[in-house]
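Coordinates from work07.txt are shown below (compact mmCIF, C-alpha atoms and all ligand atoms).
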```txt
# COMPACT_ATOMS: atom_id res chain seq x y z
CA MET A 1 -66.15 47.64 42.44
CA SER A 2 -66.16 47.43 46.23
CA ILE A 3 -67.17 44.36 48.21
CA SER A 4 -67.49 43.35 51.81
CA TRP A 5 -64.93 40.79 52.92
CA GLY A 6 -66.84 39.75 56.05
CA THR A 7 -68.02 36.33 54.88
CA ILE A 8 -65.36 35.51 52.35
CA GLY A 9 -62.69 32.95 52.83
CA CYS A 10 -61.12 30.84 50.12
CA ILE A 11 -58.48 28.20 50.58
CA MET A 12 -56.82 27.32 47.28
CA VAL A 13 -59.48 25.88 44.99
CA THR A 14 -62.36 25.47 47.43
CA CYS A 15 -64.39 28.50 48.39
CA VAL A 16 -65.98 28.29 51.84
CA CYS A 17 -68.35 31.24 51.56
CA VAL A 18 -72.10 30.64 51.26
CA GLY A 19 -73.08 30.17 47.63
CA CYS A 20 -69.63 29.07 46.50
CA ALA A 21 -70.42 25.37 46.14
CA GLY A 22 -70.34 23.81 42.68
CA PRO A 23 -68.63 24.97 39.54
CA GLY A 24 -68.36 28.67 39.03
CA LEU A 25 -67.60 30.65 35.91
CA GLU A 26 -64.88 29.31 33.61
CA ILE A 27 -63.04 31.13 30.87
CA CYS A 28 -60.58 29.65 28.40
CA PHE A 29 -58.33 31.77 26.20
CA ILE A 30 -57.73 29.32 23.35
CA ASP A 31 -54.41 29.79 21.58
CA THR A 32 -54.97 30.52 17.88
CA VAL A 33 -51.52 32.09 17.39
CA GLY A 34 -52.40 35.72 16.88
CA GLY A 35 -56.12 35.14 16.40
CA ALA A 36 -58.74 35.20 19.14
CA ALA A 37 -61.13 32.64 20.64
CA THR A 38 -62.52 33.08 24.16
CA LEU A 39 -64.66 30.26 25.54
CA ILE A 40 -66.89 31.03 28.53
CA VAL A 41 -68.73 28.30 30.44
CA THR A 42 -71.30 29.71 32.84
CA PRO A 43 -72.15 28.32 36.29
CA GLU A 44 -75.32 26.91 34.67
CA ARG A 45 -73.05 25.25 32.06
CA GLU A 46 -74.09 27.35 29.08
CA THR A 47 -71.30 27.83 26.57
CA ILE A 48 -70.38 31.14 24.95
CA LEU A 49 -67.66 31.44 22.32
CA ILE A 50 -66.48 34.94 21.52
CA ASP A 51 -64.56 34.85 18.23
CA GLY A 52 -63.19 31.73 16.62
CA GLY A 53 -59.62 31.78 15.36
CA TRP A 54 -58.14 31.50 11.88
CA PRO A 55 -59.79 29.42 9.10
CA ILE A 56 -57.51 26.42 9.60
CA GLU A 57 -58.00 22.98 11.09
CA ARG A 58 -55.45 23.64 13.88
CA ASP A 59 -57.70 26.29 15.39
CA ALA A 60 -60.91 24.34 14.82
CA GLN A 61 -59.42 21.39 16.70
CA ARG A 62 -58.30 23.64 19.56
CA ILE A 63 -61.84 24.99 19.94
CA LEU A 64 -63.14 21.41 20.00
CA ASP A 65 -60.54 20.45 22.62
CA ALA A 66 -61.48 23.41 24.82
CA LEU A 67 -65.18 22.52 24.58
CA ARG A 68 -64.39 18.91 25.54
CA ASP A 69 -62.16 19.87 28.47
CA THR A 70 -64.25 22.75 29.85
CA ALA A 71 -67.87 22.16 28.86
CA ARG A 72 -67.71 18.38 28.30
CA ARG A 73 -70.00 18.63 25.26
CA PRO A 74 -69.65 19.81 21.64
CA ARG A 75 -72.24 22.60 21.78
CA ILE A 76 -71.87 26.38 21.64
CA ASP A 77 -75.05 28.00 22.97
CA HIS A 78 -74.05 31.56 22.08
CA MET A 79 -71.57 32.28 19.27
CA ILE A 80 -70.47 35.92 19.06
CA VAL A 81 -68.28 37.28 16.25
CA THR A 82 -66.86 40.68 17.22
CA HIS A 83 -65.93 41.75 13.68
CA TRP A 84 -65.24 40.50 10.17
CA HIS A 85 -61.56 39.63 10.19
CA THR A 86 -60.62 36.02 9.52
CA ASP A 87 -58.54 35.67 12.70
CA HIS A 88 -61.85 36.11 14.58
CA TYR A 89 -64.38 34.00 12.69
CA GLY A 90 -62.31 31.65 10.58
CA ALA A 91 -62.20 28.33 12.42
CA ILE A 92 -65.86 28.23 13.39
CA THR A 93 -66.78 27.86 9.72
CA LEU A 94 -64.94 24.52 9.80
CA LEU A 95 -66.94 23.21 12.76
CA GLY A 96 -70.42 22.93 11.27
CA ASP A 97 -70.64 19.13 11.36
CA ARG A 98 -68.74 18.72 14.62
CA VAL A 99 -70.36 21.29 16.91
CA GLU A 100 -74.00 22.05 17.62
CA PHE A 101 -74.53 25.81 17.50
CA GLY A 102 -77.29 27.73 19.28
CA GLN A 103 -77.67 31.43 18.52
CA PHE A 104 -75.24 33.49 16.42
CA TYR A 105 -74.54 37.15 17.16
CA ASP A 106 -72.47 39.57 15.05
CA ARG A 107 -72.35 43.24 14.07
CA GLY A 108 -74.28 42.77 10.84
CA LEU A 109 -73.03 42.78 7.29
CA PRO A 110 -70.92 45.77 6.23
CA GLU A 111 -72.80 48.12 3.93
CA ALA A 112 -70.28 47.61 1.13
CA TRP A 113 -71.06 43.88 1.04
CA LEU A 114 -74.80 44.53 1.11
CA LEU A 115 -74.57 46.98 -1.78
CA ASP A 116 -72.23 44.80 -3.79
CA PRO A 117 -72.34 41.12 -2.76
CA ALA A 118 -69.52 40.44 -5.22
CA GLN A 119 -67.18 42.10 -2.71
CA MET A 120 -68.10 39.56 -0.06
CA PRO A 121 -65.13 37.32 0.80
CA ASP A 122 -65.40 33.55 0.57
CA GLN A 123 -64.97 33.37 4.33
CA MET A 124 -68.18 35.34 4.83
CA ARG A 125 -70.03 33.00 2.48
CA ALA A 126 -68.77 30.09 4.60
CA TYR A 127 -70.10 31.87 7.72
CA GLN A 128 -73.49 32.34 6.06
CA ARG A 129 -73.61 28.63 5.19
CA LEU A 130 -72.79 27.83 8.81
CA THR A 131 -75.51 30.05 10.29
CA SER A 132 -77.99 29.04 7.55
CA GLY A 133 -80.29 31.93 8.44
CA PRO A 134 -80.46 35.30 10.11
CA THR A 135 -78.14 36.07 12.99
CA ILE A 136 -78.74 38.62 15.74
CA THR A 137 -77.13 41.97 14.96
CA MET A 138 -75.78 43.28 18.24
CA ALA A 139 -76.10 46.93 19.19
CA ALA A 140 -74.87 48.85 22.20
CA GLY A 141 -77.25 48.24 25.10
CA ASP A 142 -78.13 44.66 24.11
CA GLU A 143 -77.78 41.86 26.63
CA ILE A 144 -77.31 38.15 25.89
CA PRO A 145 -79.98 36.14 27.74
CA LEU A 146 -78.26 33.69 30.08
CA ARG A 147 -79.62 31.06 32.46
CA GLN A 148 -79.35 32.13 36.11
CA GLY A 149 -78.73 29.88 39.10
CA LEU A 150 -80.92 29.74 42.18
CA ILE A 151 -77.96 30.79 44.28
CA GLY A 152 -74.99 32.98 43.54
CA PRO A 153 -74.80 36.38 41.87
CA ARG A 154 -76.50 37.34 38.62
CA LEU A 155 -74.50 36.67 35.46
CA ARG A 156 -74.75 39.33 32.75
CA LEU A 157 -73.16 39.68 29.32
CA ARG A 158 -73.80 43.15 27.91
CA CYS A 159 -72.83 44.87 24.68
CA LEU A 160 -71.30 48.27 25.44
CA MET A 161 -70.40 49.26 21.90
CA ALA A 162 -70.87 47.95 18.38
CA SER A 163 -70.17 49.32 14.91
CA GLY A 164 -68.62 52.40 16.49
CA ARG A 165 -71.65 53.36 18.59
CA VAL A 166 -71.67 53.36 22.39
CA ASP A 167 -74.54 52.75 24.78
CA GLU A 168 -75.59 56.32 25.56
CA ASN A 169 -77.99 55.13 28.26
CA ILE A 170 -75.13 54.35 30.64
CA ALA A 171 -74.52 57.47 32.73
CA GLY A 172 -70.96 56.58 33.73
CA SER A 173 -68.66 58.46 36.04
CA PRO A 174 -65.99 61.12 35.36
CA ASN A 175 -62.83 59.73 33.78
CA PRO A 176 -59.78 61.70 34.94
CA TYR A 177 -57.62 60.16 32.20
CA CYS A 178 -59.56 61.73 29.29
CA ALA A 179 -57.36 64.84 29.32
CA GLN A 180 -54.38 62.61 28.47
CA HIS A 181 -55.89 61.39 25.18
CA GLU A 182 -53.50 61.73 22.23
CA ASP A 183 -55.47 61.59 18.99
CA LYS A 184 -54.37 58.98 16.44
CA GLY A 185 -56.90 59.90 13.75
CA THR A 186 -60.00 58.11 12.59
CA ASP A 187 -59.62 54.39 12.03
CA LEU A 188 -61.69 53.41 9.00
CA SER A 189 -60.93 49.70 9.28
CA GLU A 190 -63.17 46.90 10.43
CA ASN A 191 -61.31 46.70 13.76
CA GLY A 192 -62.82 49.86 15.24
CA LEU A 193 -66.32 48.54 14.61
CA SER A 194 -65.83 45.56 16.92
CA ILE A 195 -68.52 44.43 19.33
CA VAL A 196 -67.40 45.34 22.86
CA LEU A 197 -68.66 43.19 25.74
CA LEU A 198 -68.71 43.24 29.52
CA LEU A 199 -69.28 40.00 31.43
CA SER A 200 -70.32 40.57 35.06
CA TYR A 201 -70.68 37.96 37.79
CA GLY A 202 -71.14 39.57 41.19
CA PRO A 203 -68.07 41.71 41.80
CA PHE A 204 -66.17 40.07 38.92
CA ASP A 205 -66.13 42.08 35.67
CA PHE A 206 -64.43 40.93 32.47
CA PHE A 207 -63.96 43.33 29.54
CA LEU A 208 -63.63 42.06 25.95
CA GLY A 209 -63.18 44.69 23.27
CA GLY A 210 -62.33 42.61 20.19
CA ASP A 211 -59.94 44.62 18.05
CA LEU A 212 -61.30 48.02 19.07
CA THR A 213 -58.87 50.80 18.15
CA TRP A 214 -57.47 53.90 19.82
CA ASN A 215 -59.98 56.70 19.16
CA PHE A 216 -62.99 54.39 19.55
CA GLU A 217 -61.57 53.33 22.92
CA ARG A 218 -61.59 57.00 23.90
CA ASP A 219 -65.21 57.33 22.74
CA LEU A 220 -66.22 54.46 25.04
CA VAL A 221 -64.86 56.02 28.24
CA CYS A 222 -64.83 59.79 27.57
CA PRO A 223 -66.07 62.11 28.79
CA LYS A 224 -67.67 59.54 31.12
CA ASN A 225 -66.34 56.09 31.97
CA ARG A 226 -69.28 53.89 30.93
CA VAL A 227 -67.54 50.64 31.88
CA GLY A 228 -66.29 51.16 35.44
CA GLN A 229 -63.40 49.21 36.89
CA VAL A 230 -62.90 45.60 35.87
CA GLU A 231 -61.05 42.61 37.25
CA LEU A 232 -59.98 41.01 33.98
CA PHE A 233 -59.09 42.76 30.71
CA GLN A 234 -58.76 40.89 27.45
CA VAL A 235 -56.15 43.17 25.92
CA ASN A 236 -57.61 44.76 22.81
CA HIS A 237 -56.43 43.85 19.32
CA HIS A 238 -53.78 41.30 20.32
CA GLY A 239 -51.81 43.98 22.21
CA LEU A 240 -51.09 46.13 19.16
CA ARG A 241 -50.09 49.75 19.66
CA SER A 242 -52.92 51.01 17.43
CA SER A 243 -55.19 49.99 20.31
CA ASN A 244 -54.98 49.99 24.13
CA ASN A 245 -55.24 53.71 24.67
CA PRO A 246 -54.24 54.42 28.30
CA VAL A 247 -57.38 56.55 28.57
CA LEU A 248 -59.33 53.26 28.40
CA VAL A 249 -56.93 50.83 30.08
CA HIS A 250 -56.23 53.02 33.10
CA ALA A 251 -59.93 53.84 33.55
CA LEU A 252 -60.73 50.11 33.56
CA ALA A 253 -57.94 49.57 36.11
CA PRO A 254 -57.88 45.78 35.63
CA ARG A 255 -56.38 43.48 38.27
CA THR A 256 -54.83 41.47 35.47
CA ALA A 257 -54.96 41.11 31.70
CA VAL A 258 -54.66 38.41 29.05
CA MET A 259 -53.27 39.09 25.59
CA PHE A 260 -54.06 37.12 22.40
CA ASN A 261 -50.69 37.91 20.85
CA GLY A 262 -48.60 35.73 18.55
CA PRO A 263 -44.82 35.36 18.47
CA GLU A 264 -44.59 38.20 15.93
CA LYS A 265 -47.97 39.86 16.32
CA GLY A 266 -48.99 42.24 19.09
CA ALA A 267 -47.65 42.47 22.65
CA ASP A 268 -46.15 45.77 21.53
CA GLN A 269 -43.75 47.48 23.90
CA GLU A 270 -45.96 50.57 24.30
CA VAL A 271 -48.93 48.40 25.28
CA LEU A 272 -46.90 46.44 27.82
CA GLU A 273 -45.82 49.74 29.33
CA THR A 274 -49.44 50.96 29.46
CA LEU A 275 -50.36 47.78 31.34
CA ARG A 276 -47.48 48.14 33.79
CA ARG A 277 -48.53 51.72 34.60
CA SER A 278 -52.21 50.81 35.01
CA PRO A 279 -53.50 51.56 38.52
CA GLY A 280 -54.02 48.47 40.68
CA ILE A 281 -52.70 45.96 38.14
CA GLN A 282 -50.93 42.94 39.62
CA ASP A 283 -49.56 41.35 36.45
CA PHE A 284 -50.54 40.33 32.93
CA TRP A 285 -50.46 37.18 30.77
CA GLN A 286 -49.43 36.52 27.16
CA LEU A 287 -50.45 33.63 24.89
CA HIS A 288 -47.00 33.78 23.27
CA ARG A 289 -43.59 35.22 23.91
CA ASN A 290 -42.96 38.25 21.72
CA THR A 291 -39.84 37.23 19.79
CA ARG A 292 -38.94 40.89 19.08
CA LEU A 293 -38.58 41.84 22.75
CA SER A 294 -36.22 40.72 25.48
CA ALA A 295 -37.43 38.59 28.38
CA THR A 296 -37.44 41.54 30.78
CA GLU A 297 -39.59 43.66 28.47
CA GLN A 298 -42.60 41.32 28.56
CA ALA A 299 -44.53 39.14 30.98
CA PRO A 300 -42.34 36.80 33.04
CA SER A 301 -41.98 33.25 31.72
CA GLU A 302 -44.53 31.84 34.20
CA ARG A 303 -47.13 34.20 32.67
CA VAL A 304 -46.41 33.25 29.02
CA ALA A 305 -48.41 30.24 27.84
CA ASN A 306 -46.27 29.42 24.81
CA PRO A 307 -42.73 30.74 25.32
CA ASP A 308 -40.90 28.64 22.70
CA ASP A 309 -43.17 26.82 20.21
CA PRO A 310 -44.44 29.24 17.54
CA GLU A 311 -47.37 26.90 16.88
CA GLY A 312 -48.25 27.05 20.58
CA GLY A 313 -51.32 25.20 21.78
CA ARG A 314 -51.28 25.86 25.51
CA ALA A 315 -54.27 27.86 26.72
CA ILE A 316 -54.77 30.35 29.55
CA ARG A 317 -57.63 29.39 31.84
CA VAL A 318 -59.61 31.38 34.39
CA SER A 319 -61.87 30.05 37.12
CA VAL A 320 -64.17 32.40 39.04
CA GLY A 321 -65.59 31.00 42.31
CA ARG A 322 -69.34 30.65 42.77
CA GLY A 323 -69.53 33.90 44.71
CA GLY A 324 -67.54 35.83 42.11
CA GLN A 325 -65.24 37.36 44.73
CA VAL A 326 -61.97 35.64 43.82
CA PHE A 327 -60.62 34.17 40.62
CA ARG A 328 -57.65 32.10 39.55
CA ILE A 329 -55.64 32.06 36.33
CA TRP A 330 -53.25 29.39 35.10
CA ILE A 331 -51.60 28.09 31.96
CA ASP A 332 -53.07 24.80 30.74
CA PRO A 333 -51.58 22.29 30.92
CA GLY A 334 -49.17 22.41 33.76
CA GLY A 335 -49.22 26.00 35.02
CA GLU A 336 -49.26 27.11 38.64
CA PRO A 337 -52.52 29.00 39.47
CA ALA A 338 -52.35 32.63 40.53
CA GLN A 339 -55.20 33.96 42.64
CA TYR A 340 -56.73 37.45 42.49
CA SER A 341 -59.37 39.27 44.49
CA CYS A 342 -61.94 41.62 42.99
CA TRP A 343 -62.10 45.38 43.41
ZN ZN B 401 -57.64 40.34 15.26
```
Would you encode the structure as structure tokens?
Amino acid sequence: MSISWGTIGCIMVTCVCVGCAGPGLEICFIDTVGGAATLIVTPERETILIDGGWPIERDAQRILDALRDTARRPRIDHMIVTHWHTDHYGAITLLGDRVEFGQFYDRGLPEAWLLDPAQMPDQMRAYQRLTSGPTITMAAGDEIPLRQGLIGPRLRLRCLMASGRVDENIAGSPNPYCAQHEDKGTDLSENGLSIVLLLSYGPFDFFLGGDLTWNFERDLVCPKNRVGQVELFQVNHHGLRSSNNPVLVHALAPRTAVMFNGPEKGADQEVLETLRRSPGIQDFWQLHRNTRLSATEQAPSERVANPDDPEGGRAIRVSVGRGGQVFRIWIDPGGEPAQYSCW
């Protein structure tokens, strides 16, 4: 995405461009040790949680802590579950009496569970008790309604793909990487059916693909790239090699990326190499050090939130200025912020 730099000037934390006053967009990658939980707090202070960690108290408490530190209130206005694996919707089922929930969004119940409710896992029954009513089934092309400010760019959160179907109404542009696709066969698991989202705030674009897998990633950006270039990429599927097809990653051309890996889950060598070769990328961040790789094979120590403690707990935070032109990332607590400009 191209922007004019004529009126932009940012000195450390404080933006001096018109429309940059006040809090901007905040994102918190909450460590759930190989699960996923992404908290977004909008400039109008709405809270969006995308996925919610493992079904254990550790992760529930970390979500509560992130809400307290970032949003200052125990309410989630929009709760989105990308798919039905317990590392993505586990901990929220423990939060029913401690958090006020607004609207729930998911991909709908799998047909097998509808046909035979006996197959439904206990975790899903806990989710149904939590929502206590119908949720919104997301489909490609849907947009989450968000409050807009009087100043500053429009904030949009759109669903690009869900249950394996893409938004065919997006024309897209030619993707030169499609010819490099190496087929890995059809993934019949729940992962490939993940809800895929794009958060846009002026020139800042943030891609979240849940645990989308290799061939579905190709379907999203081939033959046309329906996403465009992004600034921030939440690495798909914890950085596992069954996802993160270069056909997608290189078409997105992120400035930087954040990976929900665990010490022994994800951050696979092939994925790290795909990130390093991605056009325009400056660096990438990991929630944990991958204990199976050497230090030089993964993100440098200042980009790894939890290098030593397998239980982790340090988050990766992102702050996007009111104008959306620059953003900062740091490890919380104690990390040194790195600043990025948008495409
Ligand atoms: Zn997962």
Next on the checklist: Let me see if you get this right: every residue at most 7 Å from ligand ZN 401 (chain B), counting all atoms listed in the file, written as a PyMOL selection string.
Outcome noted: chain A and resi 35-36+85+87-88+211+237-238
Checklist entry - What does the distance from atom CA of Glu26 of chain A to atom CA of Phe233 of chain A come to in Å, to one decimal? => result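 Computing the Euclidean distance for atom CA of Glu26 of chain A and atom CA of Phe233 of chain A yields 14.9 Å.
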Checklist entry - Mind listing as a count of residues only all residues within 10 Å of (-76.7, 32.9, 20.9), counting all atoms listed in the file? => result 19
Next on the checklist: Between A:Leu130, A:Met124, A:Val304, A:Ile27, which residue has the minimum interatomic distance to Arg45 of chain A, considering all atoms listed in the file?
Outcome noted: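 Once distances to Arg45 of chain A are computed over all atoms listed in the file, the minimum belongs to A:Ile27.
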Next on the checklist: as a VMD selection string, please: the residues near Arg58 of chain A (cut-off 10 Å, only C-alpha atoms, same-chain neighbours under 2 positions excluded).
Outcome noted: chain A and resid 31 to 33 53 to 56 60 to 63 91 311 313
Convert the current residue selection to file output with C-alpha atoms, as a compact mmCIF listing (two decimals), in the coordinates of the input.
```
# COMPACT_ATOMS: atom_id res chain seq x y z
CA ASP A 31 -54.41 29.79 21.58
CA THR A 32 -54.97 30.52 17.88
CA VAL A 33 -51.52 32.09 17.39
CA GLY A 53 -59.62 31.78 15.36
CA TRP A 54 -58.14 31.50 11.88
CA PRO A 55 -59.79 29.42 9.10
CA ILE A 56 -57.51 26.42 9.60
CA ALA A 60 -60.91 24.34 14.82
CA GLN A 61 -59.42 21.39 16.70
CA ARG A 62 -58.30 23.64 19.56
CA ILE A 63 -61.84 24.99 19.94
CA ALA A 91 -62.20 28.33 12.42
CA GLU A 311 -47.37 26.90 16.88
CA GLY A 313 -51.32 25.20 21.78
```
Next on the checklist: Just to confirm, what's the straight-line distance from atom CA of Ala257 of chain A to atom CA of Gln234 of chain A in Å (one decimal)?
Outcome noted: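 Calculated distance between atom CA of Ala257 of chain A and atom CA of Gln234 of chain A is 5.7 Å.
Our summary of the geometry notes that atom CA of Ile195 of chain A is positioned 15.1 Å from atom CA of Arg218 of chain A.
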Checklist entry - Which one of A:Leu115, A:Leu67, A:Asn245, A:Gln123 sits closest to Tyr89 of chain A if you count all atoms listed in the file? => result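 Of A:Leu115, A:Leu67, A:Asn245, A:Gln123, the one nearest Tyr89 of chain A is A:Gln123, counting all atoms listed in the file.
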Next on the checklist: Which residues are close to segment 315-330 of chain A, i.e. within 6 Å by all atoms listed in the file, leaving aside same-chain residues fewer than 6 positions away? Reply as a list in words.
Outcome noted: Gly19, Cys20, Gly24, Leu25, Glu26, Ile27, Cys28, Phe29, Ile30, Asp31, Gly152, Tyr201, Gly202, Pro203, Phe204, Glu336, Pro337, Ala338, Gln339, Tyr340, Ser341 and Cys342 of chain A
Next on the checklist: I need the residue nearest Arg68 of chain A from this list: A:Leu109, A:Ala140, A:Ile92, A:Val41. Use all atoms listed in the file for the distance.
Outcome noted: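 Ranked by minimum distance to Arg68 of chain A, first place goes to A:Val41.
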Checklist entry - Between A:Arg226, A:Arg107, A:Arg125, A:Arg73, which one has atoms that come closest to Gly90 of chain A, using only C-alpha atoms? => result A:Arg125
Next on the checklist: For segment 179-192 of chain A, find every residue with an atom within 10 Å (counting all atoms listed in the file), except residues of its own chain fewer than 2 positions away, and show them as number ranges by chain.
Outcome noted: A: 82-85, 110, 162-164, 175-177, 194-196, 209-218, 222-223, 236-237, 242-243, 245-248
Checklist entry - In terms of the shortest atom-to-atom distance over all atoms listed in the file, which of A:Ala299, A:Leu240, A:Gly133, A:Arg255 is closest to Val271 of chain A? => result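 The shortest atom-to-atom distance to Val271 of chain A comes from A:Leu240.
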Checklist entry - Which one of A:Gly262, A:Arg303, A:Trp343, A:Arg277 sits closest to Thr291 of chain A if you count only C-alpha atoms? => result A:Gly262
Checklist entry - Counting all atoms listed in the file, what is within 10 Å of Gly96 of chain A, bar same-chain residues fewer than 6 positions away, as a PyMOL selection string? => result chain A and resi 126-127+129-131
Please write out, as lines of an AutoDock Vina configuration file, where the centre of an axis-aligned box around all listed atoms of segment 80-97 of chain A lies and how long its edges are, in Å to one decimal, after adding 5 Å on each side.
```
center_x = -64.6
center_y = 30.4
center_z = 14.3
size_x = 22.1
size_y = 32.6
size_z = 19.5
```
Can you patch up segment 112-132 of chain A, filling it in to N, CA and C atoms, and show the result as an mmCIF file, in the coordinates of the input?
```cif
data_model
loop_
_atom_site.group_PDB
_atom_site.id
_atom_site.type_symbol
_atom_site.label_atom_id
_atom_site.label_comp_id
_atom_site.auth_asym_id
_atom_site.auth_seq_id
_atom_site.Cartn_x
_atom_site.Cartn_y
_atom_site.Cartn_z
ATOM 1 N N ALA A 112 -70.903 47.844 2.451
ATOM 2 C CA ALA A 112 -70.280 47.610 1.130
ATOM 3 C C ALA A 112 -70.639 46.231 0.600
ATOM 4 N N TRP A 113 -70.724 45.238 1.472
ATOM 5 C CA TRP A 113 -71.060 43.880 1.040
ATOM 6 C C TRP A 113 -72.541 43.762 0.708
ATOM 7 N N LEU A 114 -73.373 44.546 1.408
ATOM 8 C CA LEU A 114 -74.800 44.530 1.110
ATOM 9 C C LEU A 114 -75.073 45.156 -0.251
ATOM 10 N N LEU A 115 -74.360 46.267 -0.518
ATOM 11 C CA LEU A 115 -74.570 46.980 -1.780
ATOM 12 C C LEU A 115 -73.993 46.205 -2.963
ATOM 13 N N ASP A 116 -72.896 45.532 -2.711
ATOM 14 C CA ASP A 116 -72.230 44.800 -3.790
ATOM 15 C C ASP A 116 -71.776 43.434 -3.268
ATOM 16 N N PRO A 117 -72.672 42.459 -3.307
ATOM 17 C CA PRO A 117 -72.340 41.120 -2.760
ATOM 18 C C PRO A 117 -71.096 40.503 -3.403
ATOM 19 N N ALA A 118 -70.712 40.992 -4.575
ATOM 20 C CA ALA A 118 -69.520 40.440 -5.220
ATOM 21 C C ALA A 118 -68.263 40.721 -4.403
ATOM 22 N N GLN A 119 -68.334 41.766 -3.563
ATOM 23 C CA GLN A 119 -67.180 42.100 -2.710
ATOM 24 C C GLN A 119 -67.051 41.149 -1.508
ATOM 25 N N MET A 120 -68.093 40.396 -1.266
ATOM 26 C CA MET A 120 -68.100 39.560 -0.060
ATOM 27 C C MET A 120 -67.035 38.464 -0.152
ATOM 28 N N PRO A 121 -66.173 38.348 0.867
ATOM 29 C CA PRO A 121 -65.130 37.320 0.800
ATOM 30 C C PRO A 121 -65.699 35.917 0.968
ATOM 31 N N ASP A 122 -64.951 34.939 0.457
ATOM 32 C CA ASP A 122 -65.400 33.550 0.570
ATOM 33 C C ASP A 122 -65.631 33.155 2.024
ATOM 34 N N GLN A 123 -64.824 33.722 2.923
ATOM 35 C CA GLN A 123 -64.970 33.370 4.330
ATOM 36 C C GLN A 123 -66.349 33.767 4.856
ATOM 37 N N MET A 124 -66.845 34.916 4.412
ATOM 38 C CA MET A 124 -68.180 35.340 4.830
ATOM 39 C C MET A 124 -69.248 34.408 4.268
ATOM 40 N N ARG A 125 -69.052 33.939 3.047
ATOM 41 C CA ARG A 125 -70.030 33.000 2.480
ATOM 42 C C ARG A 125 -70.024 31.697 3.295
ATOM 43 N N ALA A 126 -68.843 31.291 3.759
ATOM 44 C CA ALA A 126 -68.770 30.090 4.600
ATOM 45 C C ALA A 126 -69.499 30.325 5.928
ATOM 46 N N TYR A 127 -69.391 31.531 6.473
ATOM 47 C CA TYR A 127 -70.100 31.870 7.720
ATOM 48 C C TYR A 127 -71.609 31.816 7.483
ATOM 49 N N GLN A 128 -72.055 32.352 6.347
ATOM 50 C CA GLN A 128 -73.490 32.340 6.060
ATOM 51 C C GLN A 128 -74.013 30.918 5.880
ATOM 52 N N ARG A 129 -73.190 30.043 5.296
ATOM 53 C CA ARG A 129 -73.610 28.630 5.190
ATOM 54 C C ARG A 129 -73.716 28.010 6.574
ATOM 55 N N LEU A 130 -72.786 28.378 7.451
ATOM 56 C CA LEU A 130 -72.790 27.830 8.810
ATOM 57 C C LEU A 130 -74.037 28.260 9.574
ATOM 58 N N THR A 131 -74.372 29.552 9.499
ATOM 59 C CA THR A 131 -75.510 30.050 10.290
ATOM 60 C C THR A 131 -76.831 29.668 9.629
ATOM 61 N N SER A 132 -76.820 29.459 8.344
ATOM 62 C CA SER A 132 -77.990 29.040 7.550
ATOM 63 C C SER A 132 -79.256 29.811 7.934
#
```
